[in-house]
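Participant: My questions will all concern the structure given below.
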Amino acid sequence: MEIIERIKDMQAYSQDLRVEGKVIALVPTMGYLHEGHLSLMREGRKRGDVLVASVFINPTQFSPNEDLDKYPRNFERDRDMMEEVGVDVVFHPRANDVYPEGYQTFVTVDDVSKNLCGLTRPTHFRGVATVVAKLFNCVLPHIAIFGRKDYQQVKVIERMVRDLNMDVGIIGMPIVREPDGLAMSSRNEYLNPKERKAALSLYKAILIVRELFENGERRIGALTDRAIGVIMTEDLARIEYVKLAHPENIDELVGVVWDRALLALADYIGETRLIDTPVLGEEFENC
């Protein structure tokens, strides 16, 4: 497994692969890997001739009051995990190379980024879209693989690729959960044992709402109110939002829903922000 830090070296490496006719698969990450990340890399291993995983904690997707400084980091651990699943190249650039002094260019995806996380994190998806565009320019992948736990992020990237005519196939992969149902996340590391138990309120809410939906309940208010009631049984929980949204354009749904809807949950357990984003009307992963 090769580790590349310089952008020019990564571009040259990928250009040579493309000349050879090799298919490059990219899995972008911010490190501190878990089984969810590894599942994306295993998929990339199947789909590409060469698997590149990036490890870069992107400062532009954090607001000033968010957890950039304490975001978990352990590159040596990540390196060993990536080698085990067959990653060929780790792209591990430095922040001052990705965003040199005087940097002022950003990618904004308007409508699909406005609802849900975009309401309380107004610059977050601008940072996501910008860094992903830069990673595509550095790695030159044919396909890029993302997890659907960050469902809105996947839709932002799909729209960016479509609108800017980027020649990259975007693959969204199922949510990977812990055995007890909690969606895997690097931020789960922040939870103490009591908070970890309380975090299961999101999964409990999902199961109950799914059951209601499968039994014919289509009133959006009834579905979201039930989810809120379940989550708020936990004293440590503080809800940011519980919404049903259109699974393609992420617009908030009102009234009733007939076939499919994104069930979007964002919740603070103590000081840790967690999200979960299953789609009602589709088969749930690991539920």
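Just remember, in the structure tokens the first chain shown is A, the second B, etc., residues are 1-based per chain, and ligands are 1-based in the order shown.
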Taking 5 positions as the minimum chain separation for residues in the same chain, which residues sit within 10 Å of segment 176-193 of chain A when counting only C-alpha atoms? Answer as a ChimeraX atom specification.
Facilitator: /A:30-40,67,70-73,147-150,198-204,206-207,269-277,285-287
Participant: Mind dumping the selected residues with C-alpha atoms as a PDB file, in the first residue's frame?
Facilitator:
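The result, written out as selection10.pdb:
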ATOM      1  CA  MET A  30     -11.946  12.006   7.315  1.00  0.00           C
ATOM      2  CA  GLY A  31     -10.198   9.118   9.020  1.00  0.00           C
ATOM      3  CA  TYR A  32     -10.818   7.418  12.358  1.00  0.00           C
ATOM      4  CA  LEU A  33     -12.234   4.544  10.375  1.00  0.00           C
ATOM      5  CA  HIS A  34     -14.931   2.081  11.376  1.00  0.00           C
ATOM      6  CA  GLU A  35     -16.699  -0.816   9.698  1.00  0.00           C
ATOM      7  CA  GLY A  36     -18.893   1.556   7.708  1.00  0.00           C
ATOM      8  CA  HIS A  37     -15.840   3.038   5.995  1.00  0.00           C
ATOM      9  CA  LEU A  38     -14.351  -0.405   5.445  1.00  0.00           C
ATOM     10  CA  SER A  39     -17.549  -1.619   3.767  1.00  0.00           C
ATOM     11  CA  LEU A  40     -17.164   1.223   1.241  1.00  0.00           C
ATOM     12  CA  ASP A  67     -15.533  19.930  16.784  1.00  0.00           C
ATOM     13  CA  LYS A  70     -11.232  17.414  18.844  1.00  0.00           C
ATOM     14  CA  TYR A  71     -12.367  15.327  15.866  1.00  0.00           C
ATOM     15  CA  PRO A  72     -10.840  11.857  16.491  1.00  0.00           C
ATOM     16  CA  ARG A  73      -7.569  11.115  14.720  1.00  0.00           C
ATOM     17  CA  GLY A 147     -22.151   5.989   2.750  1.00  0.00           C
ATOM     18  CA  ARG A 148     -25.845   6.792   2.886  1.00  0.00           C
ATOM     19  CA  LYS A 149     -25.797   7.559   6.594  1.00  0.00           C
ATOM     20  CA  ASP A 150     -24.852  11.025   5.348  1.00  0.00           C
ATOM     21  CA  ALA A 198     -29.276   6.904  25.246  1.00  0.00           C
ATOM     22  CA  ALA A 199     -28.170   7.157  21.600  1.00  0.00           C
ATOM     23  CA  LEU A 200     -30.214   4.043  20.813  1.00  0.00           C
ATOM     24  CA  SER A 201     -33.326   6.223  21.059  1.00  0.00           C
ATOM     25  CA  LEU A 202     -32.750   7.198  17.412  1.00  0.00           C
ATOM     26  CA  TYR A 203     -32.822   3.580  16.289  1.00  0.00           C
ATOM     27  CA  LYS A 204     -35.841   2.810  18.447  1.00  0.00           C
ATOM     28  CA  ILE A 206     -36.752   4.498  13.373  1.00  0.00           C
ATOM     29  CA  LEU A 207     -38.106   1.009  14.065  1.00  0.00           C
ATOM     30  CA  ILE A 269     -26.822  13.090  23.003  1.00  0.00           C
ATOM     31  CA  GLY A 270     -25.034  15.146  25.592  1.00  0.00           C
ATOM     32  CA  GLU A 271     -22.665  17.238  23.485  1.00  0.00           C
ATOM     33  CA  THR A 272     -22.428  14.752  20.603  1.00  0.00           C
ATOM     34  CA  ARG A 273     -24.416  15.338  17.435  1.00  0.00           C
ATOM     35  CA  LEU A 274     -25.707  12.161  15.763  1.00  0.00           C
ATOM     36  CA  ILE A 275     -27.704  11.690  12.574  1.00  0.00           C
ATOM     37  CA  ASP A 276     -29.591   8.802  11.001  1.00  0.00           C
ATOM     38  CA  THR A 277     -31.251   8.801   7.586  1.00  0.00           C
ATOM     39  CA  GLU A 285     -30.283  -2.112   6.081  1.00  0.00           C
ATOM     40  CA  ASN A 286     -29.497  -3.984   9.305  1.00  0.00           C
ATOM     41  CA  CYS A 287     -32.844  -3.060  10.852  1.00  0.00           C
TER      42      CYS A 287
END
Participant: Can you list, as a list in words, every residue of segment 4-66 of chain A that DSSP puts in strand (DSSP E)?
Facilitator: Ile4, Ile24, Ala25, Leu26, Val27, Pro28, Thr29, Val50, Leu51, Val52, Ala53, Ser54 and Val55 of chain A
Participant: Would you mind exporting the chosen residues as a PDB file, in the first residue's frame, restricted to N, CA and C atoms?
Facilitator:
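The resulting result.pdb:
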ATOM      1  N   ILE A   4       0.426   8.663  -0.404  1.00  0.00           N
ATOM      2  CA  ILE A   4       0.790   9.842  -1.185  1.00  0.00           C
ATOM      3  C   ILE A   4       0.255  11.072  -0.464  1.00  0.00           C
ATOM      4  N   ILE A  24     -10.177   3.627 -11.564  1.00  0.00           N
ATOM      5  CA  ILE A  24      -9.814   4.120 -10.229  1.00  0.00           C
ATOM      6  C   ILE A  24     -11.086   4.298  -9.409  1.00  0.00           C
ATOM      7  N   ALA A  25     -11.125   3.642  -8.256  1.00  0.00           N
ATOM      8  CA  ALA A  25     -12.227   3.807  -7.301  1.00  0.00           C
ATOM      9  C   ALA A  25     -11.724   4.613  -6.113  1.00  0.00           C
ATOM     10  N   LEU A  26     -12.487   5.620  -5.707  1.00  0.00           N
ATOM     11  CA  LEU A  26     -12.107   6.490  -4.591  1.00  0.00           C
ATOM     12  C   LEU A  26     -13.116   6.371  -3.460  1.00  0.00           C
ATOM     13  N   VAL A  27     -12.612   6.230  -2.232  1.00  0.00           N
ATOM     14  CA  VAL A  27     -13.433   6.317  -1.022  1.00  0.00           C
ATOM     15  C   VAL A  27     -12.907   7.490  -0.196  1.00  0.00           C
ATOM     16  N   PRO A  28     -13.600   8.626  -0.200  1.00  0.00           N
ATOM     17  CA  PRO A  28     -13.153   9.761   0.611  1.00  0.00           C
ATOM     18  C   PRO A  28     -13.530   9.552   2.082  1.00  0.00           C
ATOM     19  N   THR A  29     -12.605   9.832   3.010  1.00  0.00           N
ATOM     20  CA  THR A  29     -12.893   9.747   4.437  1.00  0.00           C
ATOM     21  C   THR A  29     -12.204  10.890   5.168  1.00  0.00           C
ATOM     22  N   VAL A  50      -7.912  -0.137  -9.220  1.00  0.00           N
ATOM     23  CA  VAL A  50      -7.056   0.485  -8.215  1.00  0.00           C
ATOM     24  C   VAL A  50      -7.968   1.205  -7.222  1.00  0.00           C
ATOM     25  N   LEU A  51      -7.755   0.919  -5.935  1.00  0.00           N
ATOM     26  CA  LEU A  51      -8.577   1.508  -4.879  1.00  0.00           C
ATOM     27  C   LEU A  51      -7.768   2.575  -4.140  1.00  0.00           C
ATOM     28  N   VAL A  52      -8.294   3.796  -4.176  1.00  0.00           N
ATOM     29  CA  VAL A  52      -7.689   4.917  -3.464  1.00  0.00           C
ATOM     30  C   VAL A  52      -8.626   5.327  -2.335  1.00  0.00           C
ATOM     31  N   ALA A  53      -8.097   5.472  -1.142  1.00  0.00           N
ATOM     32  CA  ALA A  53      -8.857   6.024  -0.021  1.00  0.00           C
ATOM     33  C   ALA A  53      -8.172   7.314   0.419  1.00  0.00           C
ATOM     34  N   SER A  54      -8.948   8.363   0.559  1.00  0.00           N
ATOM     35  CA  SER A  54      -8.372   9.613   1.046  1.00  0.00           C
ATOM     36  C   SER A  54      -8.654   9.743   2.540  1.00  0.00           C
ATOM     37  N   VAL A  55      -7.691  10.299   3.261  1.00  0.00           N
ATOM     38  CA  VAL A  55      -7.851  10.606   4.683  1.00  0.00           C
ATOM     39  C   VAL A  55      -7.510  12.081   4.835  1.00  0.00           C
TER      40      VAL A  55
END
Participant: How far is it from atom CA of Glu214 of chain A to atom CA of Leu116 of chain A, in Å with one decimal?
Facilitator: 24.0 Å
Participant: Per DSSP on the backbone, what are the helix (DSSP H, G or I) residues of segment 31-142 of chain A, as a PyMOL selection string?
Facilitator: chain A and resi 35-47+59-61+75-84+95-98+111-113+117-120+124-139
Participant: Kindly give the distance, in Å, that separates atom CA of Ile170 of chain A and atom CA of Gly281 of chain A, rounded to a single decimal.
Facilitator: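 For atom CA of Ile170 of chain A relative to atom CA of Gly281 of chain A, the distance reads 22.1 Å.
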Participant: Could you check the closest approach to Tyr13 of chain A for each of A:Gly127, A:Gly221, A:Pro141, A:Gly102 and tell me which residue wins, using only C-alpha atoms?
Facilitator: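 Result for the nearest residue to Tyr13 of chain A: A:Pro141.
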Participant: Could you please determine the separation between atom CA of Val98 of chain A and atom CA of Asp111 of chain A in Å, to one decimal place?
Facilitator: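 Between atom CA of Val98 of chain A and atom CA of Asp111 of chain A the gap is 26.2 Å.
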Participant: Go through segment 201-227 of chain A and flag each residue having an atom no more than 10 Å from segment 236-259 of chain A; for those, report the closest pair of atoms plus their distance in Å to one decimal, using only C-alpha atoms, ordered by chain and rising number, as JSON lines.
Facilitator:
{"residue": "A:Ser201", "atom": "CA", "partner": "A:Ala237", "partner_atom": "CA", "distance": 8.3}
{"residue": "A:Leu202", "atom": "CA", "partner": "A:Ala237", "partner_atom": "CA", "distance": 9.4}
{"residue": "A:Phe213", "atom": "CA", "partner": "A:Val257", "partner_atom": "CA", "distance": 9.5}
{"residue": "A:Gly216", "atom": "CA", "partner": "A:Trp258", "partner_atom": "CA", "distance": 9.3}
{"residue": "A:Glu217", "atom": "CA", "partner": "A:Val256", "partner_atom": "CA", "distance": 8.9}
{"residue": "A:Arg218", "atom": "CA", "partner": "A:Val256", "partner_atom": "CA", "distance": 5.3}
{"residue": "A:Arg219", "atom": "CA", "partner": "A:Val256", "partner_atom": "CA", "distance": 4.5}
{"residue": "A:Ile220", "atom": "CA", "partner": "A:Val256", "partner_atom": "CA", "distance": 5.3}
{"residue": "A:Gly221", "atom": "CA", "partner": "A:Gly255", "partner_atom": "CA", "distance": 7.4}
{"residue": "A:Ala222", "atom": "CA", "partner": "A:Val256", "partner_atom": "CA", "distance": 9.5}
{"residue": "A:Leu223", "atom": "CA", "partner": "A:Leu244", "partner_atom": "CA", "distance": 8.6}
{"residue": "A:Thr224", "atom": "CA", "partner": "A:Val242", "partner_atom": "CA", "distance": 6.2}
{"residue": "A:Asp225", "atom": "CA", "partner": "A:Val242", "partner_atom": "CA", "distance": 8.5}
{"residue": "A:Ala227", "atom": "CA", "partner": "A:Val242", "partner_atom": "CA", "distance": 7.3}
Participant: Using only C-alpha atoms, find the one residue out of A:Glu282, A:Glu20, A:Asp110, A:Asp80 that sits nearest to Asp49 of chain A.
Facilitator: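 Answer, going by the shortest atom-to-atom distance: A:Glu20.
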